[in-house]
file work.cif (mmCIF, C-alpha atoms)
data_input
#
loop_
_atom_site.label_atom_id
_atom_site.label_comp_id
_atom_site.auth_asym_id
_atom_site.auth_seq_id
_atom_site.Cartn_x
_atom_site.Cartn_y
_atom_site.Cartn_z
CA MET O 1 24.57 -42.98 32.06
CA ILE O 2 23.56 -39.52 30.81
CA VAL O 3 26.78 -39.33 28.76
CA GLU O 4 26.09 -42.76 27.24
CA LYS O 5 22.55 -41.74 26.30
CA GLU O 6 23.79 -38.62 24.53
CA ILE O 7 26.43 -40.60 22.66
CA ILE O 8 23.83 -43.11 21.49
CA ARG O 9 21.50 -40.31 20.38
CA GLU O 10 24.31 -38.60 18.45
CA ILE O 11 25.29 -41.85 16.69
CA ILE O 12 21.68 -42.54 15.73
CA GLU O 13 21.18 -38.98 14.55
CA ARG O 14 24.10 -39.55 12.16
CA GLY O 15 22.31 -42.59 10.74
CA SER O 16 24.15 -45.42 12.53
CA ARG O 17 23.71 -47.84 15.43
CA LEU O 18 26.37 -48.97 17.89
CA ASP O 19 26.17 -52.59 16.71
CA GLY O 20 26.23 -51.68 13.02
CA ARG O 21 22.65 -52.74 12.25
CA GLY O 22 20.25 -50.85 10.05
CA PHE O 23 17.44 -49.00 11.84
CA HIS O 24 14.89 -51.62 10.78
CA GLN O 25 17.07 -54.70 11.22
CA PHE O 26 16.55 -57.31 13.96
CA ARG O 27 19.46 -59.01 15.68
CA ASP O 28 20.08 -62.70 15.02
CA MET O 29 17.15 -64.74 16.27
CA LYS O 30 16.80 -68.30 17.52
CA ILE O 31 13.67 -70.11 18.73
CA GLU O 32 13.68 -73.58 20.31
CA THR O 33 10.60 -75.44 21.54
CA GLY O 34 10.13 -78.36 23.90
CA VAL O 35 12.91 -77.14 26.20
CA ILE O 36 11.07 -77.79 29.51
CA PRO O 37 10.11 -81.50 29.68
CA LYS O 38 7.69 -81.14 32.60
CA ALA O 39 5.71 -78.30 31.00
CA GLU O 40 2.79 -78.87 28.62
CA GLY O 41 4.59 -76.58 26.19
CA SER O 42 7.74 -74.46 26.23
CA ALA O 43 10.05 -72.30 24.17
CA ARG O 44 13.37 -70.49 24.45
CA VAL O 45 13.91 -67.33 22.43
CA GLU O 46 17.16 -65.51 21.76
CA ILE O 47 17.28 -62.14 20.04
CA GLY O 48 20.90 -61.08 20.07
CA ASP O 49 21.97 -61.27 23.71
CA THR O 50 18.36 -61.17 24.95
CA LYS O 51 17.25 -64.57 26.22
CA VAL O 52 13.74 -65.50 27.35
CA MET O 53 12.28 -68.83 28.49
CA VAL O 54 8.52 -69.49 28.37
CA GLY O 55 6.63 -72.42 29.86
CA VAL O 56 2.94 -73.31 29.56
CA LYS O 57 1.16 -75.27 32.27
CA LEU O 58 -2.41 -76.58 32.11
CA GLU O 59 -4.47 -77.13 35.24
CA PRO O 60 -8.21 -77.82 35.66
CA GLY O 61 -10.14 -75.12 37.46
CA GLU O 62 -13.43 -73.33 37.75
CA PRO O 63 -14.35 -70.86 34.98
CA PHE O 64 -15.00 -67.19 35.64
CA PRO O 65 -18.68 -66.49 36.47
CA ASP O 66 -19.10 -64.21 33.43
CA SER O 67 -17.64 -66.80 31.00
CA PRO O 68 -18.73 -70.24 32.27
CA ASN O 69 -18.16 -71.87 28.87
CA GLU O 70 -14.59 -70.70 28.35
CA GLY O 71 -11.17 -71.72 29.59
CA ILE O 72 -8.89 -69.31 31.43
CA LEU O 73 -5.74 -67.56 30.22
CA MET O 74 -3.13 -66.28 32.70
CA VAL O 75 0.25 -64.71 31.86
CA SER O 76 3.04 -63.91 34.31
CA CYS O 77 6.58 -62.61 33.88
CA GLU O 78 9.66 -62.90 36.10
CA LEU O 79 12.78 -60.79 35.70
CA VAL O 80 15.41 -62.84 37.50
CA PRO O 81 18.28 -60.87 39.12
CA LEU O 82 20.87 -62.82 37.10
CA ALA O 83 19.42 -61.37 33.90
CA SER O 84 20.38 -57.78 34.74
CA PRO O 85 21.86 -55.78 37.64
CA GLU O 86 18.71 -53.65 37.40
CA PHE O 87 16.46 -56.54 38.45
CA GLU O 88 15.85 -57.26 42.12
CA PRO O 89 14.32 -60.30 43.83
CA GLY O 90 10.79 -60.03 45.12
CA PRO O 91 7.30 -59.44 43.69
CA PRO O 92 7.02 -58.46 39.99
CA GLY O 93 7.89 -54.82 39.32
CA GLU O 94 6.37 -52.45 36.77
CA GLU O 95 8.43 -53.74 33.85
CA ALA O 96 7.54 -57.40 34.51
CA ILE O 97 3.86 -56.52 34.91
CA GLU O 98 3.88 -54.54 31.65
CA ILE O 99 5.50 -57.39 29.70
CA ALA O 100 2.94 -59.89 31.00
CA ARG O 101 0.00 -57.59 30.28
CA VAL O 102 1.10 -56.72 26.74
CA VAL O 103 1.72 -60.38 25.84
CA ASP O 104 -1.62 -61.34 27.43
CA ARG O 105 -3.45 -58.60 25.53
CA ALA O 106 -2.11 -59.66 22.13
CA ILE O 107 -3.13 -63.29 22.74
CA ARG O 108 -6.51 -62.38 24.21
CA GLU O 109 -7.55 -59.65 21.75
CA SER O 110 -6.57 -61.72 18.72
CA ASN O 111 -8.70 -64.60 20.03
CA ALA O 112 -5.65 -66.78 19.49
CA ILE O 113 -6.92 -69.59 21.75
CA ASP O 114 -10.33 -71.15 21.19
CA LEU O 115 -11.25 -70.92 24.88
CA GLU O 116 -14.62 -72.63 24.36
CA LYS O 117 -12.81 -75.83 23.45
CA LEU O 118 -11.09 -75.84 26.85
CA VAL O 119 -14.22 -76.85 28.74
CA ILE O 120 -13.69 -80.19 30.49
CA LYS O 121 -17.20 -80.52 31.92
CA GLU O 122 -19.79 -78.20 33.39
CA GLY O 123 -18.04 -76.07 35.98
CA LYS O 124 -14.55 -77.26 35.05
CA VAL O 125 -12.20 -75.83 32.42
CA TRP O 126 -8.52 -75.81 31.58
CA LYS O 127 -6.46 -72.91 32.90
CA VAL O 128 -3.70 -71.98 30.46
CA MET O 129 -0.86 -70.50 32.50
CA ILE O 130 1.97 -68.87 30.55
CA ASP O 131 5.10 -68.21 32.61
CA ILE O 132 7.74 -65.92 31.08
CA VAL O 133 11.23 -65.87 32.59
CA VAL O 134 13.82 -63.37 31.36
CA LEU O 135 17.26 -65.00 31.47
CA ASP O 136 19.31 -62.19 29.91
CA ASP O 137 18.13 -58.64 29.33
CA GLY O 138 19.67 -57.27 26.17
CA GLY O 139 16.63 -55.14 25.32
CA ASN O 140 13.35 -55.64 23.42
CA LEU O 141 11.94 -57.97 26.07
CA ILE O 142 8.31 -57.57 24.97
CA ASP O 143 8.96 -58.85 21.44
CA ALA O 144 11.08 -61.74 22.73
CA ALA O 145 8.46 -62.67 25.34
CA SER O 146 5.62 -62.60 22.80
CA LEU O 147 7.57 -64.79 20.35
CA GLY O 148 8.29 -67.17 23.21
CA ALA O 149 4.66 -67.23 24.33
CA ILE O 150 3.15 -68.10 20.95
CA SER O 151 5.92 -70.63 20.24
CA ALA O 152 5.27 -72.30 23.59
CA LEU O 153 1.51 -72.33 22.94
CA LEU O 154 2.08 -74.00 19.57
CA ASP O 155 4.21 -76.58 21.39
CA THR O 156 1.52 -77.19 24.03
CA LYS O 157 -0.33 -80.52 24.23
CA ILE O 158 -3.32 -81.13 26.49
CA PRO O 159 -2.60 -84.08 28.83
CA ALA O 160 -4.84 -87.11 28.85
CA TYR O 161 -7.56 -87.08 31.51
CA THR O 162 -10.63 -88.91 32.71
CA VAL O 163 -13.68 -87.54 34.50
CA GLU O 164 -14.98 -89.65 37.37
CA GLY O 165 -17.87 -87.84 39.01
CA ASP O 166 -16.50 -84.58 40.38
CA GLU O 167 -12.91 -85.77 40.13
CA ILE O 168 -10.65 -85.14 37.14
CA LYS O 169 -7.72 -87.53 36.86
CA ILE O 170 -4.82 -86.30 34.72
CA ASP O 171 -2.13 -88.44 33.13
CA ARG O 172 0.68 -86.02 32.23
CA THR O 173 2.72 -88.81 30.68
CA VAL O 174 0.30 -88.81 27.75
CA LYS O 175 0.10 -85.55 25.77
CA GLU O 176 -1.54 -85.95 22.40
CA THR O 177 -4.08 -83.17 21.85
CA PRO O 178 -2.70 -79.84 20.60
CA LEU O 179 -3.96 -76.66 22.24
CA PRO O 180 -6.82 -75.27 20.09
CA LEU O 181 -5.18 -72.24 18.46
CA LYS O 182 -6.84 -70.08 15.84
CA ARG O 183 -4.16 -67.40 15.31
CA LYS O 184 -0.48 -66.70 15.99
CA PRO O 185 -0.16 -63.20 17.50
CA ILE O 186 3.19 -61.56 18.15
CA CYS O 187 4.32 -58.14 19.33
CA VAL O 188 6.55 -55.81 17.32
CA THR O 189 8.12 -52.82 19.08
CA VAL O 190 9.35 -49.58 17.50
CA VAL O 191 11.30 -46.98 19.48
CA LYS O 192 11.72 -43.31 18.61
CA ILE O 193 15.07 -41.65 19.30
CA GLY O 194 15.18 -38.05 18.12
CA ASN O 195 13.41 -38.20 14.77
CA LYS O 196 14.50 -41.78 13.98
CA LEU O 197 12.42 -44.96 14.28
CA LEU O 198 14.22 -48.18 15.25
CA LEU O 199 13.17 -51.82 15.42
CA ASP O 200 14.53 -54.33 17.94
CA PRO O 201 16.14 -51.83 20.34
CA ASN O 202 18.89 -53.12 22.59
CA ARG O 203 18.94 -52.11 26.25
CA SER O 204 21.17 -49.06 25.70
CA GLU O 205 18.88 -47.78 22.96
CA GLU O 206 15.85 -48.25 25.20
CA GLU O 207 17.56 -46.14 27.86
CA ALA O 208 18.07 -43.37 25.27
CA MET O 209 14.62 -43.53 23.65
CA ASP O 210 12.04 -40.75 23.60
CA ALA O 211 9.06 -43.02 23.01
CA ARG O 212 8.15 -46.64 22.38
CA LEU O 213 5.18 -48.17 20.60
CA THR O 214 4.42 -51.89 20.70
CA LEU O 215 1.79 -53.35 18.39
CA GLY O 216 0.17 -56.76 18.75
CA VAL O 217 -0.35 -58.31 15.32
CA PHE O 218 -1.38 -61.54 13.61
CA GLU O 219 -1.72 -62.72 10.03
CA GLU O 220 -5.06 -63.70 8.55
CA ASP O 221 -5.97 -64.20 4.90
CA GLU O 222 -2.37 -63.23 4.05
CA GLU O 223 -2.85 -59.82 5.67
CA ILE O 224 -1.31 -58.42 8.85
CA LYS O 225 -3.98 -57.29 11.30
CA PHE O 226 -3.56 -55.26 14.48
CA CYS O 227 -5.11 -56.33 17.78
CA ALA O 228 -3.28 -54.47 20.58
CA MET O 229 -1.12 -51.43 21.30
CA GLN O 230 1.10 -50.24 24.15
CA LYS O 231 2.80 -46.84 24.40
CA GLY O 232 5.95 -46.34 26.48
CA GLY O 233 8.35 -43.49 27.15
CA ASN O 234 7.65 -39.83 27.90
CA GLY O 235 7.95 -38.50 24.35
CA GLY O 236 5.19 -38.12 21.80
CA ILE O 237 4.58 -39.70 18.40
CA THR O 238 3.21 -37.64 15.51
CA TYR O 239 0.49 -38.84 13.18
CA GLU O 240 3.02 -39.14 10.33
CA GLU O 241 5.36 -41.18 12.55
CA PHE O 242 2.44 -43.40 13.57
CA GLU O 243 1.68 -44.14 9.92
CA ARG O 244 5.33 -45.01 9.31
CA ILE O 245 5.29 -47.29 12.36
CA LEU O 246 2.25 -49.16 11.02
CA ASP O 247 4.04 -49.73 7.72
CA LEU O 248 7.24 -50.84 9.46
CA VAL O 249 5.43 -53.27 11.73
CA THR O 250 3.36 -54.71 8.88
CA GLU O 251 6.50 -55.41 6.84
CA LYS O 252 8.52 -56.83 9.72
CA ALA O 253 5.70 -58.93 11.21
CA LYS O 254 5.42 -61.06 8.06
CA LYS O 255 9.11 -61.90 8.34
CA LEU O 256 9.01 -62.55 12.09
CA LEU O 257 6.04 -64.88 11.80
CA LYS O 258 8.10 -67.15 9.54
CA HIS O 259 10.23 -67.92 12.62
CA VAL O 260 7.15 -69.17 14.50
CA LYS O 261 6.57 -72.79 13.51
#
call {"tool": "encode", "arguments": {"input": "work.cif", "output": "structure tokens"}}
result
Amino acid sequence: MIVEKEIIREIIERGSRLDGRGFHQFRDMKIETGVIPKAEGSARVEIGDTKVMVGVKLEPGEPFPDSPNEGILMVSCELVPLASPEFEPGPPGEEAIEIARVVDRAIRESNAIDLEKLVIKEGKVWKVMIDIVVLDDGGNLIDAASLGAISALLDTKIPAYTVEGDEIKIDRTVKETPLPLKRKPICVTVVKIGNKLLLDPNRSEEEAMDARLTLGVFEEDEEIKFCAMQKGGNGGITYEEFERILDLVTEKAKKLLKHVK
């Protein structure tokens, strides 16, 4: 593994990548929606050999005491053992928790969902539960998961329901009302290897990286705006590199958002 890391670093230092891509080039991407019939919304994302499935489920529940007039957002991530020999069965590990939190933060801090419109009645709101499942780990899981999450949310329809006293009766065979979305946030990750900055790292490049910076972004008034940030890796990022990362992410985010219908 150490030998492979050094080889990757040497290749990148010479201005190349193992798969022949440019430093700022994403792998081929594919997004499908409506792939889980029993979910209120779903999406499957492929970036190269990275494959992620996302499902959205809506359930009525009680609001949090400090936000009685808002619905609830919950994000979880599962790294299934079949996706990588590195993944083990059991409770979510650090990587799964980080993916869920970063995706959650981008959605929450961008105010993507109009949570006030998810109130069913006093004391009852919709809980929006986003479940991310990694099917194949080829690297750049955060970006793939965030694209899957917003695509699944755009696919989500609120099921028909009636309120009879304290009881809420749901008819999941009828789904007509779109989820109230105000923005479409995604995450864009840049890794630093040596003095080079790369977009869409594969798993081998992530193993060789010095540092990683993920930015949550959305487009508003034809401008890319930032709403979240997550640093990874043990290495540092200079102020000049940070400015370059902002420019890279701004340029790439506009192109990535065109994939989100």
call {"tool": "axis_aligned_box", "arguments": {"input": "work.cif", "around": "stretch 131-143 of chain O", "padding_each_side": "3 Å", "output": "lines of an AutoDock Vina configuration file"}}
result
center_x = 12.4
center_y = -61.7
center_z = 27.0
size_x = 20.6
size_y = 19.1
size_z = 17.2
call {"tool": "closest_residue", "arguments": {"input": "work.cif", "among": "O:Leu179, O:Ile150, O:Cys77, O:Val128", "to": "O:Glu32", "atoms": "all atoms listed in the file"}}
result
O:Ile150
call {"tool": "residues_around", "arguments": {"input": "work.cif", "residues": "O:Asp155", "least_positions_apart": "6", "cutoff": "8 Å", "atoms": "all atoms listed in the file", "output": "list in words"}}
result
Thr33, Gly34, Glu40, Gly41, Ser42, Ala43 and Pro178 of chain O
call {"tool": "residues_around", "arguments": {"input": "work.cif", "residues": "stretch 15-22 of chain O", "least_positions_apart": "6", "cutoff": "9 Å", "atoms": "all atoms listed in the file", "output": "ChimeraX atom specification"}}
result
/O:8,196,198-199,205
call {"tool": "closest_residue", "arguments": {"input": "work.cif", "among": "O:Thr189, O:Ala152, O:Asn195, O:Ile237", "to": "O:Glu10", "atoms": "all atoms listed in the file"}}
result
O:Asn195
call {"tool": "residues_around", "arguments": {"input": "work.cif", "residues": "O:Glu4", "least_positions_apart": "4", "cutoff": "9 Å", "atoms": "only C-alpha atoms", "output": "short mmCIF file (atom, residue, chain, number, x, y, z; two decimals) with C-alpha atoms, keeping the file's coordinate frame"}}
result
data_model
loop_
_atom_site.label_atom_id
_atom_site.label_comp_id
_atom_site.auth_asym_id
_atom_site.auth_seq_id
_atom_site.Cartn_x
_atom_site.Cartn_y
_atom_site.Cartn_z
CA ILE O 8 23.83 -43.11 21.49
CA ARG O 9 21.50 -40.31 20.38
CA SER O 204 21.17 -49.06 25.70
CA ALA O 208 18.07 -43.37 25.27
#
call {"tool": "resolve_selection", "arguments": {"input": "work.cif", "expression": "the PyMOL selection byres ((chain O and resi 192) around 12)", "output": "count of residues only"}}
result
39
call {"tool": "residues_near_point", "arguments": {"input": "work.cif", "point": "(19.2, -62.0, 23.9)", "cutoff": "7 Å", "atoms": "all atoms listed in the file", "output": "list in words"}}
result
Glu46, Ile47, Gly48, Asp49, Thr50, Lys51, Asp136, Asp137 and Gly138 of chain O
call {"tool": "atom_distance", "arguments": {"input": "work.cif", "atom1": "atom CA of O:Val103", "atom2": "atom CA of O:Ile186"}}
result
7.9 Å
call {"tool": "atom_distance", "arguments": {"input": "work.cif", "atom1": "atom CA of O:Lys157", "atom2": "atom CA of O:Arg172"}}
result
9.8 Å
call {"tool": "residues_near_point", "arguments": {"input": "work.cif", "point": "(11.1, -58.6, 9.1)", "cutoff": "12 Å", "atoms": "only C-alpha atoms", "output": "list in words"}}
result
Phe23, His24, Gln25, Phe26, Arg27, Asp28, Met29, Val188, Thr189, Leu199, Asp200, Asp247, Leu248, Val249, Thr250, Glu251, Lys252, Ala253, Lys254, Lys255, Leu256, Leu257, Lys258 and His259 of chain O
call {"tool": "closest_residue", "arguments": {"input": "work.cif", "among": "O:Gln230, O:Ser110, O:Asn202, O:Thr173", "to": "O:Pro37", "atoms": "only C-alpha atoms"}}
result
O:Thr173
call {"tool": "closest_residue", "arguments": {"input": "work.cif", "among": "O:Val163, O:Leu141, O:Leu135, O:Cys187", "to": "O:Glu95", "atoms": "only C-alpha atoms"}}
result
O:Leu141
